[in-house]
Amino acid sequence: MRVLLIEDEPEMAAALTSAFGRFDMLIDHVPTLAQAEAALASGVHDAILLDRQMPDGDGLDLIPKLRARGIGVPIIVLTARGEMADRVAGLDTGADDYVAKPFAVEELLARLRAVLRRPGQVMSDTLCVGRLSFDCSDRTASVAGTVLDLPRRELLVLESLIQRMGRTVLRASLEASVYGFDDEIQSNALDTHVSRLRRKLMDADAGVEIHGIRGIGYLLKRAPQ
Amino acid sequence: MFRPTSLKWRLVWRLVPLQAAILTVFVLTIVATMREGGLFVDDAGMPLTTEKFVHGLAFVFEMVILPNLALLTLATLIATPIVIRRALASLSEAAVQAESIDIGQPGTRMIVASVPDEINPLVRAFNDALGRLDDGYERQRRFLADAAHELRTPIAILQIRLESLADSAERTRLVEDGARLAALAEQLLDLQRLSQPGTQRARVDLVAIGQRVTMDLAPLAINAGYAICFEPEVEHVPALGDELSLARAVTNLVQNAIEHGGRHGMITVRVGRSGTITVSDEGAGVPLDQRERIFEPFHRLQPRPRGAGLGLNLVQEIVRWHHGNIAVADAPRGGAAFTITLPLALPK
């Protein structure tokens with residue numbers, strides 16, 4: 001995946017580039033809005049990370065220009081301003097999401113994956129954590145090449161958790177991704193799925209842990225080596 | 001009341017001798033004039049001898065000047081305090097104004113119009129001094145805000161670099177430290193923002209705040225070896241406050257629990273229906289005699305190389321701005337339980 005980073009702070013760009021490198025993402029960095037417009041003409045980018053405070057203007061002003069040129073690449077706005085009004089302004093101008101500085105890299109990655117997975121966006125990569133890999137296109141989980149035999153709902157739970165790996169997933173959003181509108185949800189059904197999934201992952205020595213956070217939800221992370 | 005430093009004493013001290021001198025000169029002038037006019041004669045109709053005249057003068061002094069002088073002194077002693085009290089009455093108004101001068105309300109000045117002319121220069125000089133203090137305070141305030149703001153970007157870069165490190169116990173600690181540093185800088189900015197005049201409290205849901213903070217900090221807590229849970233007593237607890245700074249205050253308490261909770265056991269974030277948010281751990285707790293002092297700036301239980309002594313003080317400052325309070329007690333299982341209590345919002 002190739003991401004265009006529009007950011008005027010060279011240190012920040014360097015730090016993000018090396019952080020994303022660990023997740024096999026290629027970052028192209030431009031320090032001005034003018035250069036960003038030129039770089040986007042190449043059409044090779046899957047997503048844009050856009051800083052607001054740029055030397056040649058507010059990053060938000062770039063978005064309508066790109067959309068007018070027919071560039072529909074998902075855009076995540078990075079901003080130091082954490083106020084709600086700014087957030088609304090960001091989304092109104094056509095940004096796909098918004099991350100307030102300072103942010104965790106994992107948070108940014110999760111948001112990036114989320115916007116790339118929206119209808120109309122291509123995202124066919126495999127997510128890996130520990131020894132577990134999860135193919136998002138056909139929803140298969142495997143450990144060291146062996147596909148795990150998991151029921152559909154456990155796969156859906158795993159997909160939700162792995163897409164936000166290292167971060168907390170609210171119980172409500174897990175339930176929403178596992179059950180349809182018509183399904184009747186029993187209060188502890190989700191917990192049953194998670195504990196079965198946890199056991200299977202442990203038996204397969206997947207190198208991941210699922211932590212329950214009572215009152216909040218669940219979190220999947222790599223097991224400490 | 002007639003202390004040597006008082007204005008009354010100084011006035012009486014100068015007025016009485018002056019009055020004595022004037023009275024003496026006045027009487028003596030009259031007497032001398034009368035003698036020149038030949039008004040003083042003895043029984044035989046002859047002018048008085050000098051000896052008899054001096055004798056007469058002593059009589060005049062005793063019978064006229066001394067009683068009058070005593071009367072004048074008494075009148076002065078009575079009148080002076082009254083005159084001075086009246087003259088300075090307008091100063092007490094100025095004193096009331098001075099009472100209201102506070103660091104939270106820059107720009108307050110004493111009103112010159114009501115003060116006697118003689119005291120005007122003092123009040124003006126005092127007002128000028130206040131102006132200089134206001135300027136200095138504003139410069140300091142802006143410096144602190146700028147400094148906290150400038151810290152944001154390098155801290156963000158630092159956090160990204162730390163997160164990029166390979167997994168290790170050291171990385172876990174470094175990421176924690178980075179998060180604490182970020183929270184401190186943000187809290188300094190919160191305080192600056194809240195100290196701006198006109199910052200309003202809005203309706204916030206303490207349950208939503210507690211949930212978000214628990215959710216955000218769960219990875220940090222779990223990596224540090226804790227389990228973490230969220231226990232709202234009811235579904236919503238509406239309070240009046242500033243959402244961002246409250247969330248940061250709770251964040252600070254959870255980070256404090258992560259740092260001092262002994263790296264084992266459960267960290268619990270609880271929201272009570274009466275407007276409380278409690279963060280408890282299962283560590284060593286806070287000894288009774290330290291429970292007030294840990295909120296003082298730069299206080300630490302033990303001197304140690306990591307952790308900042310400003311954190312809990314910032315939480316307290318933010319809670320105070322909300323007209324709430326913060327206290328620490330024993331958690332059910334022996335650790336520390338920090339409770340923030342906030343005024344509830346009225347039902348809509």
# chains A, B, ... in the order shown; residues from 1 in each chain; ligands from 1
>>> residues_around(residues="Thr153 of chain B", least_positions_apart="6", cutoff="9 Å", atoms="only C-alpha atoms", output="ChimeraX atom specification")
/A:9,12,80,101-102
>>> write_last_selection(atoms="N, CA and C atoms", output="compact mmCIF listing (two decimals), in the first residue's frame")
# COMPACT_ATOMS: atom_id res chain seq x y z
N GLU A 9 6.36 19.18 8.80
CA GLU A 9 7.35 18.95 9.86
C GLU A 9 8.23 17.75 9.47
N MET A 12 8.50 14.82 11.98
CA MET A 12 7.26 14.07 12.08
C MET A 12 7.13 13.12 10.89
N ALA A 80 -3.45 19.23 14.89
CA ALA A 80 -3.11 19.46 16.29
C ALA A 80 -4.32 20.00 17.03
N LYS A 101 -3.71 15.15 16.64
CA LYS A 101 -2.37 14.96 17.20
C LYS A 101 -2.41 15.28 18.69
N PRO A 102 -1.70 14.62 19.54
CA PRO A 102 -0.88 13.46 19.19
C PRO A 102 -1.73 12.20 19.10
>>> interface_residues(of="chain B", to="chain A", cutoff="8 Å", atoms="only C-alpha atoms", output="list in words")
Arg152, Thr153, Pro154, Ile155, Ala156, Ile157, Gln159, Ile160, Arg161, Glu163, Ser164, Asp167, Ser168, Ala182, Gln211, Thr214, Met215, Asp216, Ala218, Pro219, Ile222, Ala227, Ile228, Cys229, Phe230, Glu231 and Pro232 of chain B
>>> write_last_selection(atoms="N, CA and C atoms", output="compact mmCIF listing (two decimals), in the first residue's frame")
# COMPACT_ATOMS: atom_id res chain seq x y z
N ARG B 152 4.04 19.93 21.99
CA ARG B 152 3.16 18.94 21.38
C ARG B 152 3.81 18.17 20.24
N THR B 153 4.35 18.93 19.26
CA THR B 153 4.87 18.27 18.07
C THR B 153 6.04 17.34 18.41
N PRO B 154 7.08 17.85 19.13
CA PRO B 154 8.15 16.91 19.46
C PRO B 154 7.67 15.70 20.28
N ILE B 155 6.68 15.90 21.15
CA ILE B 155 6.18 14.77 21.92
C ILE B 155 5.48 13.77 21.00
N ALA B 156 4.70 14.32 20.04
CA ALA B 156 4.02 13.43 19.09
C ALA B 156 5.05 12.62 18.29
N ILE B 157 6.12 13.31 17.86
CA ILE B 157 7.16 12.61 17.09
C ILE B 157 7.81 11.54 17.96
N GLN B 159 6.52 9.99 20.48
CA GLN B 159 5.61 8.86 20.69
C GLN B 159 5.60 7.92 19.49
N ILE B 160 5.61 8.51 18.29
CA ILE B 160 5.59 7.68 17.08
C ILE B 160 6.87 6.85 17.01
N ARG B 161 8.01 7.50 17.33
CA ARG B 161 9.28 6.76 17.29
C ARG B 161 9.28 5.64 18.32
N GLU B 163 6.74 4.04 19.53
CA GLU B 163 5.84 2.96 19.12
C GLU B 163 6.45 2.11 18.02
N SER B 164 7.40 2.70 17.28
CA SER B 164 8.02 1.94 16.20
C SER B 164 9.09 0.99 16.71
N ASP B 167 9.03 -4.78 20.17
CA ASP B 167 8.42 -5.10 21.46
C ASP B 167 9.45 -5.45 22.51
N SER B 168 9.35 -4.82 23.66
CA SER B 168 10.20 -5.18 24.79
C SER B 168 9.62 -4.52 26.02
N ALA B 182 2.81 13.50 27.13
CA ALA B 182 1.79 14.11 26.26
C ALA B 182 0.62 14.61 27.11
N GLN B 211 -15.90 5.97 29.91
CA GLN B 211 -15.79 4.89 28.94
C GLN B 211 -14.69 5.17 27.92
N THR B 214 -11.21 4.84 29.54
CA THR B 214 -10.87 3.43 29.78
C THR B 214 -10.50 2.75 28.46
N MET B 215 -11.29 3.04 27.44
CA MET B 215 -11.04 2.45 26.14
C MET B 215 -9.68 2.87 25.59
N ASP B 216 -9.38 4.15 25.70
CA ASP B 216 -8.12 4.66 25.15
C ASP B 216 -6.90 4.13 25.91
N ALA B 218 -6.78 1.32 27.82
CA ALA B 218 -6.73 -0.12 28.03
C ALA B 218 -5.46 -0.75 27.45
N PRO B 219 -5.05 -0.39 26.21
CA PRO B 219 -3.83 -1.03 25.68
C PRO B 219 -2.61 -0.76 26.57
N ILE B 222 -2.96 -2.83 29.81
CA ILE B 222 -2.77 -4.27 29.58
C ILE B 222 -1.30 -4.57 29.29
N ALA B 227 -5.13 -5.82 34.45
CA ALA B 227 -6.44 -5.94 33.82
C ALA B 227 -7.13 -4.62 34.10
N ILE B 228 -8.04 -4.23 33.24
CA ILE B 228 -8.71 -2.94 33.44
C ILE B 228 -10.19 -3.12 33.18
N CYS B 229 -11.03 -2.45 33.96
CA CYS B 229 -12.46 -2.56 33.70
C CYS B 229 -13.17 -1.24 33.99
N PHE B 230 -14.37 -1.13 33.47
CA PHE B 230 -15.16 0.08 33.58
C PHE B 230 -16.49 -0.27 34.22
N GLU B 231 -16.86 0.40 35.29
CA GLU B 231 -18.09 0.08 36.02
C GLU B 231 -18.97 1.31 36.21
N PRO B 232 -19.84 1.61 35.25
CA PRO B 232 -20.77 2.72 35.45
C PRO B 232 -21.93 2.25 36.32
>>> residues_around(residues="Pro67 of chain B", least_positions_apart="5", cutoff="12 Å", atoms="only C-alpha atoms", output="number ranges by chain")
B: 20, 23-24, 60-62, 72-74
>>> residues_around(residues="segment 48-58 of chain B", least_positions_apart="6", cutoff="10 Å", atoms="only C-alpha atoms", output="number ranges by chain")
B: 27-28, 31-32, 35, 38-42, 64-65
>>> residues_around(residues="Gly107 of chain B", least_positions_apart="5", cutoff="9 Å", atoms="only C-alpha atoms", output="list in words")
Ile101, Leu130, Gly131 and Asp134 of chain B
>>> select_by_dssp(residues="segment 58-244 of chain B", states="strand (DSSP E or B)", output="list of chain:residue names")
B:Ala202, B:Arg203, B:Val204, B:Asp205, B:Ala227, B:Ile228, B:Cys229, B:Phe230, B:Glu231, B:Pro232, B:Pro238, B:Ala239, B:Leu240, B:Gly241
>>> atom_distance(atom1="atom CA of Ala47 of chain A", atom2="atom CA of Val73 of chain A")
5.5 Å
>>> residues_around(residues="Ile75 of chain A", least_positions_apart="6", cutoff="7 Å", atoms="only C-alpha atoms", output="NGL selection string")
:A and (47-50 or 95-97)
>>> atom_distance(atom1="atom CA of Ala100 of chain A", atom2="atom CA of Leu78 of chain A")
5.8 Å
>>> atom_distance(atom1="atom CA of Gly70 of chain A", atom2="atom CA of Val115 of chain A")
17.7 Å
>>> select_by_dssp(residues="segment 9-209 of chain A", states="helix (DSSP H, G or I)", output="PyMOL selection string")
chain A and resi 10-21+33-40+59-68+84-92+105-116+152-163+171-178+189-203
>>> closest_residue(among="B:Asp242, B:Ala113, B:Asp146, B:His323", to="Leu194 of chain B", atoms="only C-alpha atoms")
B:Asp242
>>> residues_around(residues="Arg291 of chain B", least_positions_apart="4", cutoff="9 Å", atoms="only C-alpha atoms", output="list in words")
Val286, Pro287, Phe295, Ala327, Val328 and Ala329 of chain B
>>> write_last_selection(atoms="N, CA and C atoms", output="PDB file, in the first residue's frame")
ATOM      1  N   VAL B 286      -1.938   4.842  49.158  1.00  0.00           N
ATOM      2  CA  VAL B 286      -1.289   6.078  49.605  1.00  0.00           C
ATOM      3  C   VAL B 286      -1.430   6.158  51.130  1.00  0.00           C
ATOM      4  N   PRO B 287      -0.317   6.247  51.887  1.00  0.00           N
ATOM      5  CA  PRO B 287      -0.400   6.324  53.343  1.00  0.00           C
ATOM      6  C   PRO B 287      -1.251   7.512  53.790  1.00  0.00           C
ATOM      7  N   PHE B 295      -1.333  16.096  46.420  1.00  0.00           N
ATOM      8  CA  PHE B 295      -1.892  17.011  45.422  1.00  0.00           C
ATOM      9  C   PHE B 295      -1.100  18.309  45.316  1.00  0.00           C
ATOM     10  N   ALA B 327     -10.239  13.456  46.050  1.00  0.00           N
ATOM     11  CA  ALA B 327      -9.693  12.904  47.291  1.00  0.00           C
ATOM     12  C   ALA B 327      -9.166  11.507  47.000  1.00  0.00           C
ATOM     13  N   VAL B 328      -8.266  11.061  47.843  1.00  0.00           N
ATOM     14  CA  VAL B 328      -7.755   9.705  47.685  1.00  0.00           C
ATOM     15  C   VAL B 328      -8.094   8.917  48.942  1.00  0.00           C
ATOM     16  N   ALA B 329      -8.493   7.650  48.748  1.00  0.00           N
ATOM     17  CA  ALA B 329      -8.831   6.779  49.879  1.00  0.00           C
ATOM     18  C   ALA B 329      -8.287   5.385  49.576  1.00  0.00           C
TER      19      ALA B 329
END
>>> closest_residue(among="A:Asp8, A:Ala206, A:His45, A:Leu60", to="Arg131 of chain A", atoms="only C-alpha atoms")
A:Ala206
